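The data block below is structure_13.csv; it holds CSV, C-alpha atoms and all ligand atoms.
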```
chain,number,residue,atom,x,y,z
A,28,MET,CA,-1.6,-13.6,11.0
A,29,THR,CA,-2.9,-12.0,7.8
A,30,THR,CA,-6.4,-13.5,8.0
A,31,PRO,CA,-9.1,-11.5,9.8
A,32,PRO,CA,-10.5,-13.1,13.1
A,33,SER,CA,-13.6,-15.0,12.4
A,34,GLY,CA,-16.7,-12.8,12.5
A,35,THR,CA,-14.9,-9.7,11.2
A,36,GLU,CA,-17.3,-7.8,8.9
A,37,PRO,CA,-16.1,-6.8,5.4
A,38,PRO,CA,-15.3,-3.1,5.4
A,39,LYS,CA,-17.7,-0.5,4.1
A,40,PRO,CA,-16.5,2.6,2.2
A,41,HIS,CA,-15.6,5.6,4.4
A,42,PRO,CA,-18.0,8.5,3.9
A,43,ASP,CA,-15.0,10.7,2.8
A,44,ALA,CA,-13.6,8.0,0.5
A,45,PRO,CA,-12.9,9.3,-3.0
A,46,ALA,CA,-15.8,8.7,-5.4
A,47,PRO,CA,-15.7,5.5,-7.5
A,48,GLY,CA,-13.5,6.0,-10.5
A,49,SER,CA,-11.3,8.7,-8.8
A,50,ALA,CA,-7.6,8.8,-9.3
A,51,LEU,CA,-5.6,8.6,-6.1
A,52,GLY,CA,-2.8,11.2,-5.7
A,53,THR,CA,0.5,10.5,-4.1
A,54,HIS,CA,0.5,10.6,-0.2
A,55,TYR,CA,4.0,12.0,-0.2
A,56,SER,CA,5.9,13.3,-3.2
A,57,GLY,CA,9.2,11.6,-2.1
A,58,CYS,CA,7.6,8.2,-1.7
A,59,PHE,CA,9.6,5.4,-3.4
A,60,GLY,CA,6.4,3.7,-4.5
A,61,CYS,CA,4.2,6.6,-5.7
A,62,GLY,CA,6.1,9.9,-5.2
A,63,VAL,CA,6.0,12.1,-8.3
A,64,ASP,CA,9.3,13.8,-7.4
A,65,HIS,CA,11.2,10.5,-6.7
A,66,PRO,CA,14.0,10.3,-9.2
A,67,THR,CA,14.2,6.5,-9.4
A,68,GLY,CA,10.9,5.4,-7.7
A,69,LEU,CA,8.2,3.2,-9.1
A,70,HIS,CA,5.8,6.1,-9.8
A,71,ILE,CA,2.7,4.0,-9.3
A,72,SER,CA,-0.5,5.9,-9.9
A,73,ALA,CA,-3.7,4.3,-9.0
A,74,PHE,CA,-7.5,4.8,-8.9
A,75,THR,CA,-10.3,3.3,-6.9
A,76,PRO,CA,-13.1,1.6,-8.7
A,77,ASP,CA,-15.4,1.6,-5.7
A,78,GLY,CA,-14.0,3.5,-2.7
A,79,LEU,CA,-12.9,0.2,-1.2
A,80,SER,CA,-10.1,-1.2,-3.4
A,81,VAL,CA,-7.3,0.1,-5.6
A,82,GLU,CA,-6.2,-0.6,-9.1
A,83,ALA,CA,-3.0,0.4,-10.8
A,84,GLU,CA,-0.7,-0.5,-13.7
A,85,PHE,CA,3.0,-0.9,-13.2
A,86,VAL,CA,5.4,-1.4,-16.1
A,87,VAL,CA,8.4,-3.4,-15.2
A,88,GLY,CA,11.5,-1.6,-16.6
A,89,GLU,CA,15.2,-2.3,-16.8
A,90,PRO,CA,15.9,-0.5,-13.5
A,91,HIS,CA,13.7,-3.2,-11.8
A,92,GLN,CA,15.7,-6.3,-12.9
A,93,GLY,CA,16.9,-9.0,-10.5
A,94,ALA,CA,18.0,-11.7,-13.1
A,95,PRO,CA,18.6,-10.4,-16.6
A,96,LEU,CA,15.4,-9.1,-18.1
A,97,LEU,CA,13.4,-10.4,-15.2
A,98,ALA,CA,11.8,-8.4,-12.4
A,99,HIS,CA,13.4,-8.4,-8.9
A,100,GLY,CA,11.1,-9.9,-6.3
A,101,GLY,CA,11.8,-7.1,-3.8
A,102,VAL,CA,10.6,-4.6,-6.4
A,103,LEU,CA,7.4,-6.5,-6.9
A,104,ALA,CA,6.9,-6.7,-3.1
A,105,THR,CA,7.3,-3.0,-3.0
A,106,ALA,CA,4.6,-2.5,-5.6
A,107,MET,CA,2.3,-4.8,-3.5
A,108,ASP,CA,3.1,-2.8,-0.3
A,109,GLU,CA,2.4,0.4,-2.1
A,110,VAL,CA,-1.0,-0.5,-3.6
A,111,ILE,CA,-2.1,-2.1,-0.3
A,112,GLY,CA,-1.0,1.1,1.6
A,113,MET,CA,-3.1,3.1,-0.9
A,114,SER,CA,-6.1,0.9,-0.4
A,115,VAL,CA,-6.0,1.1,3.5
A,116,TRP,CA,-5.7,4.9,3.2
A,117,LEU,CA,-9.2,4.8,1.7
A,118,PHE,CA,-10.4,4.3,5.2
A,119,ARG,CA,-9.0,7.7,6.1
A,120,LYS,CA,-6.7,6.7,8.9
A,121,PRO,CA,-2.9,6.4,8.8
A,122,TYR,CA,-1.6,2.8,8.8
A,123,VAL,CA,1.9,1.3,8.5
A,124,THR,CA,2.9,-2.2,7.2
A,125,GLY,CA,3.3,-4.6,10.1
A,126,ARG,CA,3.6,-7.8,8.1
A,127,LEU,CA,3.8,-8.4,4.3
A,128,GLU,CA,3.7,-11.9,2.8
A,129,THR,CA,4.4,-12.3,-0.8
A,130,ASP,CA,4.0,-15.3,-3.2
A,131,PHE,CA,5.8,-15.2,-6.5
A,132,LEU,CA,4.0,-17.4,-8.9
A,133,LEU,CA,5.4,-16.5,-12.3
A,134,PRO,CA,8.6,-14.7,-13.5
A,135,VAL,CA,7.8,-11.2,-14.7
A,136,PRO,CA,9.8,-10.1,-17.8
A,137,VAL,CA,11.0,-6.5,-18.3
A,138,GLY,CA,8.4,-4.7,-20.4
A,139,THR,CA,5.5,-6.4,-18.7
A,140,THR,CA,2.5,-4.3,-17.6
A,141,LEU,CA,1.5,-5.7,-14.2
A,142,HIS,CA,-2.2,-5.0,-13.4
A,143,LEU,CA,-2.3,-4.5,-9.7
A,144,ARG,CA,-5.3,-4.7,-7.4
A,145,ALA,CA,-5.5,-4.3,-3.6
A,146,TRP,CA,-8.4,-4.7,-1.2
A,147,CYS,CA,-9.3,-5.0,2.5
A,148,ASN,CA,-10.8,-8.2,4.0
A,149,GLY,CA,-11.6,-6.7,7.3
A,150,ILE,CA,-10.5,-4.3,10.1
A,151,SER,CA,-10.4,-5.4,13.8
A,152,GLY,CA,-9.2,-2.8,16.3
A,153,ARG,CA,-5.9,-1.3,15.0
A,154,LYS,CA,-5.4,-4.2,12.6
A,155,ALA,CA,-6.3,-4.1,8.9
A,156,TYR,CA,-6.2,-7.4,6.9
A,157,LEU,CA,-5.4,-6.8,3.2
A,158,GLU,CA,-4.5,-8.6,0.0
A,159,ALA,CA,-3.1,-7.7,-3.4
A,160,GLU,CA,-2.4,-9.3,-6.7
A,161,GLY,CA,-0.4,-8.5,-9.8
A,162,ARG,CA,-1.6,-10.0,-13.1
A,163,ILE,CA,0.4,-10.1,-16.3
A,164,GLY,CA,-0.7,-8.1,-19.3
A,165,ALA,CA,-4.4,-7.6,-18.5
A,166,PRO,CA,-6.8,-7.2,-15.5
A,167,ASP,CA,-7.8,-10.9,-16.0
A,168,GLY,CA,-4.3,-12.1,-17.0
A,169,PRO,CA,-2.3,-14.7,-15.2
A,170,VAL,CA,-1.5,-14.0,-11.5
A,171,ALA,CA,2.3,-13.4,-11.2
A,172,VAL,CA,2.4,-12.1,-7.6
A,173,ARG,CA,0.1,-12.4,-4.6
A,174,ALA,CA,0.4,-10.6,-1.3
A,175,ALA,CA,-1.3,-10.7,2.1
A,176,ALA,CA,-0.6,-8.0,4.7
A,177,LEU,CA,-1.3,-6.9,8.2
A,178,PHE,CA,-1.3,-3.1,8.5
A,179,ILE,CA,-1.4,-1.4,11.9
A,180,GLU,CA,-3.2,1.9,12.5
A,181,VAL,CA,-1.0,4.6,13.9
A,182,GLU,CA,-1.5,8.3,14.8
A,183,MET,CA,-0.2,10.9,12.3
A,184,GLU,CA,2.2,11.8,15.1
A,185,HIS,CA,4.0,8.4,14.3
A,186,PHE,CA,5.4,10.0,11.1
A,187,ALA,CA,6.3,13.3,12.8
A,188,ARG,CA,8.0,11.6,15.7
A,189,HIS,CA,10.0,9.1,13.7
A,190,GLY,CA,10.4,11.1,10.5
A,191,ASP,CA,10.0,14.6,9.2
A,192,ALA,CA,7.2,16.7,10.7
A,193,GLU,CA,7.8,19.6,8.4
A,194,ALA,CA,7.5,17.5,5.3
A,195,ILE,CA,4.2,16.1,6.6
A,196,THR,CA,2.7,19.6,7.3
A,197,ALA,CA,3.9,20.8,3.8
A,198,GLU,CA,1.9,18.1,2.1
A,199,HIS,CA,-0.9,17.3,4.6
A,200,HIS,CA,-2.2,20.8,5.4
A,201,ASP,CA,-4.7,19.4,7.9
A,202,PHE,CA,-2.0,17.9,10.1
A,203,GLU,CA,-0.9,20.1,13.0
A,204,VAL,CA,2.4,19.3,14.6
A,205,ASN,CA,1.4,20.9,17.9
A,206,PRO,CA,-2.4,20.7,17.9
B,1,LIG,C1,4.1,13.3,4.1
B,1,LIG,C2,3.0,12.4,4.7
B,1,LIG,C3,3.3,11.2,5.3
B,1,LIG,C4,2.2,10.6,6.1
B,1,LIG,C5,1.2,9.9,5.3
B,1,LIG,C6,0.2,9.2,6.1
B,1,LIG,C7,-0.9,8.5,5.4
B,1,LIG,C8,-0.4,7.4,4.6
B,1,LIG,C9,-1.2,7.3,3.4
B,1,LIG,C10,-1.0,6.4,2.5
B,1,LIG,C11,0.1,5.4,2.5
B,1,LIG,C12,0.2,4.7,1.2
B,1,LIG,C13,1.4,3.9,0.9
B,1,LIG,C14,2.3,3.4,2.0
B,1,LIG,C15,3.0,2.2,1.5
B,1,LIG,C16,4.1,1.8,2.3
B,1,LIG,C17,3.7,1.4,3.7
B,1,LIG,C18,5.0,1.1,4.5
B,1,LIG,O1,5.9,0.5,3.9
B,1,LIG,S1,5.0,1.6,6.1
B,1,LIG,C19,6.8,1.5,6.5
B,1,LIG,C20,7.1,0.1,7.0
B,1,LIG,N1,6.5,-0.2,8.3
B,1,LIG,C21,7.0,0.4,9.4
B,1,LIG,O2,7.9,1.2,9.4
B,1,LIG,C22,6.3,-0.1,10.7
B,1,LIG,C23,7.4,-0.2,11.8
B,1,LIG,N2,6.7,-0.8,13.0
B,1,LIG,C24,6.2,0.0,13.9
B,1,LIG,O3,6.2,1.3,13.8
B,1,LIG,C25,5.5,-0.6,15.1
B,1,LIG,O4,5.9,-2.0,15.2
B,1,LIG,C26,3.9,-0.7,14.8
B,1,LIG,C27,3.4,0.8,14.8
B,1,LIG,C28,3.5,-1.5,13.6
B,1,LIG,C29,3.3,-1.4,16.0
B,1,LIG,O5,3.8,-0.9,17.2
B,1,LIG,P1,2.8,-0.4,18.4
B,1,LIG,O6,3.7,-0.2,19.6
B,1,LIG,O7,2.0,0.8,18.0
B,1,LIG,O8,1.8,-1.5,18.7
B,1,LIG,P2,2.0,-3.1,19.0
B,1,LIG,O9,1.3,-3.3,20.3
B,1,LIG,O10,3.4,-3.5,18.9
B,1,LIG,O11,1.2,-3.8,17.8
B,1,LIG,C30,-0.3,-3.6,17.7
B,1,LIG,C31,-0.9,-4.9,17.4
B,1,LIG,O12,-0.4,-5.3,16.1
B,1,LIG,C32,0.3,-6.6,16.2
B,1,LIG,N3,1.5,-6.6,15.3
B,1,LIG,C33,2.4,-5.6,15.2
B,1,LIG,N4,3.3,-5.9,14.3
B,1,LIG,C34,3.0,-7.1,13.9
B,1,LIG,C35,3.6,-8.0,12.9
B,1,LIG,N5,4.7,-7.7,12.3
B,1,LIG,N6,3.0,-9.2,12.7
B,1,LIG,C36,1.9,-9.5,13.4
B,1,LIG,N7,1.3,-8.8,14.3
B,1,LIG,C37,1.8,-7.6,14.5
B,1,LIG,C38,0.7,-6.7,17.7
B,1,LIG,O13,0.9,-8.0,18.0
B,1,LIG,C39,-0.4,-6.0,18.4
B,1,LIG,O14,-1.5,-7.0,18.4
B,1,LIG,P3,-2.5,-7.1,19.7
B,1,LIG,O15,-3.1,-5.7,19.8
B,1,LIG,O16,-1.6,-7.4,20.8
B,1,LIG,O17,-3.4,-8.2,19.3
```
Could you rewrite the structure in this file as structure tokens?
Ligand SMILES: CCCCCCCC/C=C\CCCCCCCC(=O)SCCNC(=O)CCNC(=O)[C@H](O)C(C)(C)COP(=O)(O)OP(=O)(O)OC[C@H]1O[C@@H](n2cnc3c(N)ncnc32)[C@H](O)[C@@H]1OP(=O)(O)O
Amino acid sequence: MTTPPSGTEPPKPHPDAPAPGSALGTHYSGCFGCGVDHPTGLHISAFTPDGLSVEAEFVVGEPHQGAPLLAHGGVLATAMDEVIGMSVWLFRKPYVTGRLETDFLLPVPVGTTLHLRAWCNGISGRKAYLEAEGRIGAPDGPVAVRAAALFIEVEMEHFARHGDAEAITAEHHDFEVNP
């Protein structure tokens, strides 16, 4: 379910994608994954090396423990969800997570810098097929976490209808609630 149908072309960068090397801002200041105003969030900040994929570093801290001095798997899955969500936003359409599969290959001690990378394997209709990995200590370090995801394209109205339209217009000035 997270593998693109055969014949799906690899994606090309969107004409409005950020330039290679650009930092990606937060999509919402209150986001648990990337929000700058979130008091206890993961505060993941990322950049795109190529307009198609995303790279970020996440330092595992004491608030992220599951077992003593080891990262909680759900926190690591959140980090994967976040960088995958950032990477699909490069295609300049809103998507939500439909399915997120996570493989935990190595324990991740508190204090570890996880080097995260997310990329898209293909888009077919409303479905985007994505992957991510988290490597310990360096961009070519051992893979501790791997994820595969199916994200589903939605209208911006999805967030207004189910969430807070005013918060969206406050941060996405191009979004009109009643266009
Ligand atoms: C202030 C601004 C805010 C706005 C910012 C916008 C830009 C964002 C930018 C950057 C983001 C960066 C970071 C984000 C990171 C976090 C992402 C998250 O965690 S998102 C939250 C968790 N996910 C949900 O809450 C989804 C809840 N689910 C739903 O709302 C619906 O189920 C939805 C929209 C996913 C699908 O519902 P339907 O009614 O539109 O469509 P149907 O027909 O059910 O599905 C379409 C196709 O997808 C398949 N599908 C759907 N769910 C599936 C699943 N779980 N597994 C497999 N296939 C699935 C279906 O089988 C169908 O396929 P067939 O067209 O028939 O081939």
Near A:Pro37, counting all atoms listed in the file, which residues have an atom at most 9 Å away, once you skip same-chain residues fewer than 3 positions from it, shown as a PDB file with C-alpha atoms, keeping the file's coordinate frame?
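Here's the written file around16.pdb:
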```pdb
ATOM      1  CA  CYS A 147      -9.300  -5.000   2.500  1.00  0.00           C
ATOM      2  CA  ASN A 148     -10.800  -8.200   4.000  1.00  0.00           C
ATOM      3  CA  GLY A 149     -11.600  -6.700   7.300  1.00  0.00           C
ATOM      4  CA  ILE A 150     -10.500  -4.300  10.100  1.00  0.00           C
TER       5      ILE A 150
END
```
Practice prompt. With all atoms listed in the file counted, collect every polymer residue having an atom within 6 Å of ligand LIG 1 (chain B); state the result as a PyMOL selection string.
Written response: chain A and resi 28+54-55+108-109+112-113+116+121+123-126+179+181+186+194-195+198
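If only C-alpha atoms are the atoms counted, then among A:Leu79, A:Ala171, A:Leu69, A:Leu143 the closest residue to A:Ala46 is A:Leu79.
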Need the shell around A:Pro45: protein/DNA/RNA residues with any atom at most 8 Å away, counting all atoms listed in the file. Skip same-chain ones fewer than 5 positions apart. Format as a PDB file with C-alpha atoms, in the coordinates of the input?
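Written output follows (result19.pdb):
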```
ATOM      1  CA  LEU A  51      -5.600   8.600  -6.100  1.00  0.00           C
ATOM      2  CA  THR A  75     -10.300   3.300  -6.900  1.00  0.00           C
ATOM      3  CA  GLY A  78     -14.000   3.500  -2.700  1.00  0.00           C
ATOM      4  CA  LEU A 117      -9.200   4.800   1.700  1.00  0.00           C
TER       5      LEU A 117
END
```
field: Surrounding residues of A:Val110 excluding itself and chain neighbours under 2 positions, 10 Å, all atoms listed in the file, as an MDAnalysis selection string
entry: chainID A and resid 60:61 71:74 80:83 105:108 112:116 143:146 158:160
Keeping only C-alpha atoms, write those residues as a PDB file, in the coordinates of the input.
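Heads up, here's the output in selection13.pdb:
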```
ATOM      1  CA  GLY A  60       6.400   3.700  -4.500  1.00  0.00           C
ATOM      2  CA  CYS A  61       4.200   6.600  -5.700  1.00  0.00           C
ATOM      3  CA  ILE A  71       2.700   4.000  -9.300  1.00  0.00           C
ATOM      4  CA  SER A  72      -0.500   5.900  -9.900  1.00  0.00           C
ATOM      5  CA  ALA A  73      -3.700   4.300  -9.000  1.00  0.00           C
ATOM      6  CA  PHE A  74      -7.500   4.800  -8.900  1.00  0.00           C
ATOM      7  CA  SER A  80     -10.100  -1.200  -3.400  1.00  0.00           C
ATOM      8  CA  VAL A  81      -7.300   0.100  -5.600  1.00  0.00           C
ATOM      9  CA  GLU A  82      -6.200  -0.600  -9.100  1.00  0.00           C
ATOM     10  CA  ALA A  83      -3.000   0.400 -10.800  1.00  0.00           C
ATOM     11  CA  THR A 105       7.300  -3.000  -3.000  1.00  0.00           C
ATOM     12  CA  ALA A 106       4.600  -2.500  -5.600  1.00  0.00           C
ATOM     13  CA  MET A 107       2.300  -4.800  -3.500  1.00  0.00           C
ATOM     14  CA  ASP A 108       3.100  -2.800  -0.300  1.00  0.00           C
ATOM     15  CA  GLY A 112      -1.000   1.100   1.600  1.00  0.00           C
ATOM     16  CA  MET A 113      -3.100   3.100  -0.900  1.00  0.00           C
ATOM     17  CA  SER A 114      -6.100   0.900  -0.400  1.00  0.00           C
ATOM     18  CA  VAL A 115      -6.000   1.100   3.500  1.00  0.00           C
ATOM     19  CA  TRP A 116      -5.700   4.900   3.200  1.00  0.00           C
ATOM     20  CA  LEU A 143      -2.300  -4.500  -9.700  1.00  0.00           C
ATOM     21  CA  ARG A 144      -5.300  -4.700  -7.400  1.00  0.00           C
ATOM     22  CA  ALA A 145      -5.500  -4.300  -3.600  1.00  0.00           C
ATOM     23  CA  TRP A 146      -8.400  -4.700  -1.200  1.00  0.00           C
ATOM     24  CA  GLU A 158      -4.500  -8.600   0.000  1.00  0.00           C
ATOM     25  CA  ALA A 159      -3.100  -7.700  -3.400  1.00  0.00           C
ATOM     26  CA  GLU A 160      -2.400  -9.300  -6.700  1.00  0.00           C
TER      27      GLU A 160
END
```
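Here atom CA of A:Val170 stands at a distance of 7.0 Å from atom CA of A:Leu132.
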Correct to one decimal, the distance atom CA of A:Arg173-atom CA of A:Asp130 is 5.1 Å
* Asked: stretch 84-97 of chain A: which residues within 6 Å, counting all atoms listed in the file, same-chain residues fewer than 4 positions away excluded, as a list in words?
  -> Val135, Pro136, Val137, Gly138, Thr139, Thr140, Leu141, His142 and Leu143 of chain A
List every protein, DNA or RNA residue that has at least one atom no more than 8 Å from (2.0, -14.4, 1.9) in the file's coordinates, counting all atoms listed in the file, and write the result as JSON, numbers by chain. {"A": [127, 128, 129, 130, 173, 174, 175, 176]}
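In this structure, atom CA of A:Gly100 sits 28.2 Å away from atom CA of A:Phe118.
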Of A:Thr67, A:Ser151, A:Ser56, A:Ser49, the one nearest to A:Ser33 when counting all atoms listed in the file is A:Ser151
For A:Pro134, the closest of A:His65, A:Arg162, A:His41, A:Arg153 counting only C-alpha atoms is A:Arg162
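Checking A:Pro32, A:Gly164, A:Gly57, A:Pro169 one by one against A:His70, counting only C-alpha atoms, you find the shortest gap at A:Gly57.
Between A:Glu180 and the candidates A:Ala155, A:Ala104, A:Cys58, A:Ala44, the tightest atom-to-atom separation, counting all atoms listed in the file, involves A:Ala155.
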